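Q: Sending over a structure as structure tokens; questions will come in a sec.
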Amino acid sequence: MNETETLNGLFKLTPKHVKEAIKVAGNAFQEDPVTIFTYPDEGERRQNVQYGFYMIYNYGIKHGLTYATSKNLEGITIWLPPNKVYQSFLTMMRYGGFYSMRKVGLNMKVIKKIMAVFNYEDERHKHLVPYDHWYFQNIAVQPEEQGKGYGGLLIRTMIKTIESEGLPIYVETNTEKSVSIYQKYGFEIIEHGIVPKTDVPLWCMLRKPR
């Protein structure tokens with residue numbers, strides 16, 4: 001696909017959209033348990049959360065299916081194919097980690113918190129689904145656009161796009177609200193717990209092939 005092509009009406013993100021996309025994600029995740037754990041101070045959270053998504057969206061645009069509801073980016077999402085599911089710390093640094101660290105400052109306390117969550121979620125992911133699968137890595141909808149069906153549009157379209165491959169789809173979330181949403185689209189809870197040494201809940205979910 002070239003950058004002007006759409007996917008059943010969705011808008012394909014390219015590298016030039018990354019800085020706009022991370023603002024959407026930063027706004028959407030202000031009250032997420034991971035971001036609150038990482039940045040307890042509301043002002044710091046408002047300023048810095050977006051930069052944690054910089055690596056994720058650079059990688060997703062390069063290796064996965066990364067789309068928005070329209071060029072206005074009301075909602076955005078990343079889905080990674082089986083051969084690109086796992087990203088090491090070094091890989092993510094190559095995809096913008098140094099930029100992110102410069103933006104938020106070399107705060108070792110913050111970095112340790114982020115890595116505690118990242119490492120645990122990565123370990124559970126590898127343990128629970130050690131076979132080919134798609135990874136529904138991220139979805140974010142601008143707060144003022146939530147409740148208008150944009151999230152559902154993204155999820156339905158992406159499932160329809162990849163389900164012919166006959167592979168399961170894995171997703172993790174840190175909120176009960178997202179759990180209930182994903183269940184509507186056929187995802188089932190395969191594990192629920194708390195990230196060690198944090199108060200961050202974690203639900204690991206899987207959608208089996210139909």
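Just so we're on the same page: first chain in the structure tokens is A, next is B, and so on; residues restart at 1 for each chain, and ligands are numbered from 1 in the order they show up.
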For stretch 140-144 of chain A, work out the shell of residues within 7 Å, counting only C-alpha atoms and skipping chain neighbours fewer than 5 positions away, then give it as an mmCIF file with C-alpha atoms, in the first residue's frame.
A:
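Contents of the output file result-v1.cif:
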```cif
data_model
loop_
_atom_site.group_PDB
_atom_site.id
_atom_site.type_symbol
_atom_site.label_atom_id
_atom_site.label_comp_id
_atom_site.auth_asym_id
_atom_site.auth_seq_id
_atom_site.Cartn_x
_atom_site.Cartn_y
_atom_site.Cartn_z
ATOM 1 C CA VAL A 24 -3.854 11.191 20.462
ATOM 2 C CA ALA A 25 -2.473 8.244 22.435
ATOM 3 C CA ASN A 27 -4.535 12.152 25.602
ATOM 4 C CA ALA A 28 -6.385 8.833 25.550
ATOM 5 C CA GLU A 74 -10.110 10.556 15.908
ATOM 6 C CA GLY A 75 -8.900 7.047 16.732
ATOM 7 C CA ILE A 76 -5.712 5.124 15.949
ATOM 8 C CA THR A 77 -4.588 1.504 16.268
ATOM 9 C CA GLY A 151 -12.938 2.301 18.596
#
```
Q: Would you please extract all strand (DSSP E) residues from stretch 31-202 of chain A, as assigned by DSSP on the backbone, and give them as a PyMOL selection string?
A: chain A and resi 65-68+75-80+134-141+169-173+188-194+201-202
Q: Please produce an output containing C-alpha atoms for each residue in the selection, written as a PDB file, in the first residue's frame.
A:
```
ATOM      1  CA  LEU A  65      -1.026  -2.506  10.270  1.00  0.00           C
ATOM      2  CA  THR A  66      -1.274   0.976  11.744  1.00  0.00           C
ATOM      3  CA  TYR A  67      -4.398   2.919  10.873  1.00  0.00           C
ATOM      4  CA  ALA A  68      -6.636   5.796  11.921  1.00  0.00           C
ATOM      5  CA  GLY A  75      -8.900   7.047  16.732  1.00  0.00           C
ATOM      6  CA  ILE A  76      -5.712   5.124  15.949  1.00  0.00           C
ATOM      7  CA  THR A  77      -4.588   1.504  16.268  1.00  0.00           C
ATOM      8  CA  ILE A  78      -1.624  -0.864  15.773  1.00  0.00           C
ATOM      9  CA  TRP A  79      -1.828  -4.570  14.908  1.00  0.00           C
ATOM     10  CA  LEU A  80       1.395  -6.570  14.490  1.00  0.00           C
ATOM     11  CA  TRP A 134      -1.459 -11.415  15.627  1.00  0.00           C
ATOM     12  CA  TYR A 135      -0.843  -8.834  18.338  1.00  0.00           C
ATOM     13  CA  PHE A 136      -3.450  -6.109  18.852  1.00  0.00           C
ATOM     14  CA  GLN A 137      -0.905  -3.788  20.418  1.00  0.00           C
ATOM     15  CA  ASN A 138      -2.618  -0.459  20.831  1.00  0.00           C
ATOM     16  CA  ILE A 139      -5.824   1.483  20.297  1.00  0.00           C
ATOM     17  CA  ALA A 140      -6.461   5.079  21.293  1.00  0.00           C
ATOM     18  CA  VAL A 141      -9.384   7.419  20.747  1.00  0.00           C
ATOM     19  CA  ILE A 169      -5.225 -12.474  18.147  1.00  0.00           C
ATOM     20  CA  TYR A 170      -3.632 -11.490  21.455  1.00  0.00           C
ATOM     21  CA  VAL A 171      -4.266  -8.292  23.396  1.00  0.00           C
ATOM     22  CA  GLU A 172      -3.473  -7.099  26.888  1.00  0.00           C
ATOM     23  CA  THR A 173      -5.119  -4.320  28.837  1.00  0.00           C
ATOM     24  CA  GLU A 188     -11.540 -14.099  26.111  1.00  0.00           C
ATOM     25  CA  ILE A 189      -9.552 -13.589  29.313  1.00  0.00           C
ATOM     26  CA  ILE A 190      -6.732 -16.115  29.542  1.00  0.00           C
ATOM     27  CA  GLU A 191      -5.001 -14.589  32.577  1.00  0.00           C
ATOM     28  CA  HIS A 192      -5.627 -11.821  35.085  1.00  0.00           C
ATOM     29  CA  GLY A 193      -3.275 -10.531  37.743  1.00  0.00           C
ATOM     30  CA  ILE A 194      -1.238  -7.624  39.047  1.00  0.00           C
ATOM     31  CA  PRO A 201      -3.772  -4.763  36.949  1.00  0.00           C
ATOM     32  CA  LEU A 202      -3.205  -6.822  33.819  1.00  0.00           C
TER      33      LEU A 202
END
```
Q: A:Glu42: which residues within 9 Å, counting only C-alpha atoms, same-chain residues fewer than 5 positions away excluded, as JSON, numbers by chain?
A: {"A": [30, 36, 47]}
Q: Restricting the output to N, CA and C atoms, write the selected residues as a PDB file, in the first residue's frame.
A:
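That gives us out24.pdb:
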```pdb
ATOM      1  N   GLN A  30      -4.352   9.175  29.592  1.00  0.00           N
ATOM      2  CA  GLN A  30      -4.047   9.967  30.781  1.00  0.00           C
ATOM      3  C   GLN A  30      -4.471   9.285  32.081  1.00  0.00           C
ATOM      4  N   ILE A  36      -0.566   6.354  35.203  1.00  0.00           N
ATOM      5  CA  ILE A  36      -0.677   6.923  36.548  1.00  0.00           C
ATOM      6  C   ILE A  36       0.433   6.381  37.445  1.00  0.00           C
ATOM      7  N   GLN A  47       2.206  16.091  30.272  1.00  0.00           N
ATOM      8  CA  GLN A  47       3.283  16.520  29.386  1.00  0.00           C
ATOM      9  C   GLN A  47       4.042  15.360  28.753  1.00  0.00           C
TER      10      GLN A  47
END
```
Q: In stretch 32-193 of chain A, what's helix (DSSP H, G or I) per DSSP? Answer as a PyMOL selection string?
A: chain A and resi 33-38+42-63+82-84+89-104+108-128+143-145+150-165+176-183
Q: Determine, counting only C-alpha atoms, which protein, DNA and RNA residues have an atom within 12 Å of an atom of A:Asp32; residues of the same chain fewer than 6 positions away are not included. Present the result as a list in words.
A: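 Counting only C-alpha atoms, the residues come to Ala25, Gly26, Thr38, Tyr39, Pro40, Glu42, Arg45, Arg46, Val49, Ala140, Thr173, Asn174, Thr175, Glu176, Lys177, Ser178, Asp199, Val200, Pro201 and Leu202 of chain A.
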Q: Just to confirm, what's the straight-line distance from atom CA of A:Pro15 to atom CA of A:Leu167 in Å (one decimal)?
A: 27.8 Å
Q: Determine, counting only C-alpha atoms, which protein, DNA and RNA residues have an atom within 12 Å of an atom of A:Glu163; residues of the same chain fewer than 6 positions away are not included. Present the result as number ranges by chain.
A: A: 81, 133-134, 155-157, 169, 186, 207-210
Q: With N, CA and C atoms retained, export the selected residues as a PDB file, in the first residue's frame.
A:
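Heads up, here's the output in again.pdb:
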```
ATOM      1  N   PRO A  81       1.854  -8.358  12.880  1.00  0.00           N
ATOM      2  CA  PRO A  81       1.778  -9.722  12.344  1.00  0.00           C
ATOM      3  C   PRO A  81       2.662 -10.682  13.125  1.00  0.00           C
ATOM      4  N   HIS A 133       0.582 -15.788  16.051  1.00  0.00           N
ATOM      5  CA  HIS A 133      -0.628 -15.028  16.356  1.00  0.00           C
ATOM      6  C   HIS A 133      -0.421 -13.578  15.943  1.00  0.00           C
ATOM      7  N   TRP A 134      -1.508 -12.860  15.808  1.00  0.00           N
ATOM      8  CA  TRP A 134      -1.459 -11.415  15.627  1.00  0.00           C
ATOM      9  C   TRP A 134      -1.493 -10.757  17.007  1.00  0.00           C
ATOM     10  N   ILE A 155     -11.572  -1.781  15.556  1.00  0.00           N
ATOM     11  CA  ILE A 155     -11.442  -3.191  15.923  1.00  0.00           C
ATOM     12  C   ILE A 155     -12.127  -4.098  14.902  1.00  0.00           C
ATOM     13  N   ARG A 156     -13.344  -3.768  14.521  1.00  0.00           N
ATOM     14  CA  ARG A 156     -14.073  -4.603  13.550  1.00  0.00           C
ATOM     15  C   ARG A 156     -13.330  -4.688  12.220  1.00  0.00           C
ATOM     16  N   THR A 157     -12.835  -3.567  11.760  1.00  0.00           N
ATOM     17  CA  THR A 157     -12.166  -3.547  10.459  1.00  0.00           C
ATOM     18  C   THR A 157     -10.881  -4.348  10.490  1.00  0.00           C
ATOM     19  N   ILE A 169      -5.654 -13.860  17.929  1.00  0.00           N
ATOM     20  CA  ILE A 169      -5.225 -12.474  18.147  1.00  0.00           C
ATOM     21  C   ILE A 169      -5.071 -12.253  19.644  1.00  0.00           C
ATOM     22  N   GLY A 186     -15.144 -10.934  20.766  1.00  0.00           N
ATOM     23  CA  GLY A 186     -14.716 -12.327  20.786  1.00  0.00           C
ATOM     24  C   GLY A 186     -13.453 -12.629  21.551  1.00  0.00           C
ATOM     25  N   ARG A 207      -8.335 -13.898  21.169  1.00  0.00           N
ATOM     26  CA  ARG A 207      -9.467 -14.166  20.272  1.00  0.00           C
ATOM     27  C   ARG A 207      -9.072 -15.335  19.387  1.00  0.00           C
ATOM     28  N   LYS A 208      -9.760 -16.442  19.546  1.00  0.00           N
ATOM     29  CA  LYS A 208      -9.451 -17.637  18.784  1.00  0.00           C
ATOM     30  C   LYS A 208     -10.006 -17.526  17.367  1.00  0.00           C
ATOM     31  N   PRO A 209      -9.382 -18.215  16.421  1.00  0.00           N
ATOM     32  CA  PRO A 209      -9.865 -18.162  15.037  1.00  0.00           C
ATOM     33  C   PRO A 209     -11.291 -18.663  14.944  1.00  0.00           C
ATOM     34  N   ARG A 210     -12.086 -18.063  14.111  1.00  0.00           N
ATOM     35  CA  ARG A 210     -13.468 -18.495  13.899  1.00  0.00           C
ATOM     36  C   ARG A 210     -13.549 -19.506  12.760  1.00  0.00           C
TER      37      ARG A 210
END
```
Q: Separation of atom CA of A:Ser88 and atom CA of A:Glu31, in Å?
A: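 Between atom CA of A:Ser88 and atom CA of A:Glu31 the gap is 26.2 Å.
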Q: What is the atom CA of A:Gly9 to atom CA of A:Tyr51 distance in Å?
A: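 Atom CA of A:Gly9 sits 27.9 Å away from atom CA of A:Tyr51.
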Q: Looking at only C-alpha atoms, which of A:Thr14, A:Thr91, A:Asn48, A:Asn58 is the one that sits closest to A:Val110?
A: A:Asn48
Q: If we count only C-alpha atoms, what is near A:Thr198 at a cut-off of 9 Å, once residues fewer than 6 positions away on the same chain are taken out, given as a list in words?
A: Phe37, Lys113, Ala116 and Val117 of chain A
Q: With C-alpha atoms retained, export the selected residues as a PDB file, in the first residue's frame.
A:
```pdb
ATOM      1  CA  PHE A  37       1.822   4.476  38.076  1.00  0.00           C
ATOM      2  CA  LYS A 113       8.762   1.819  36.381  1.00  0.00           C
ATOM      3  CA  ALA A 116       8.951  -3.215  35.226  1.00  0.00           C
ATOM      4  CA  VAL A 117       5.629  -3.146  33.408  1.00  0.00           C
TER       5      VAL A 117
END
```
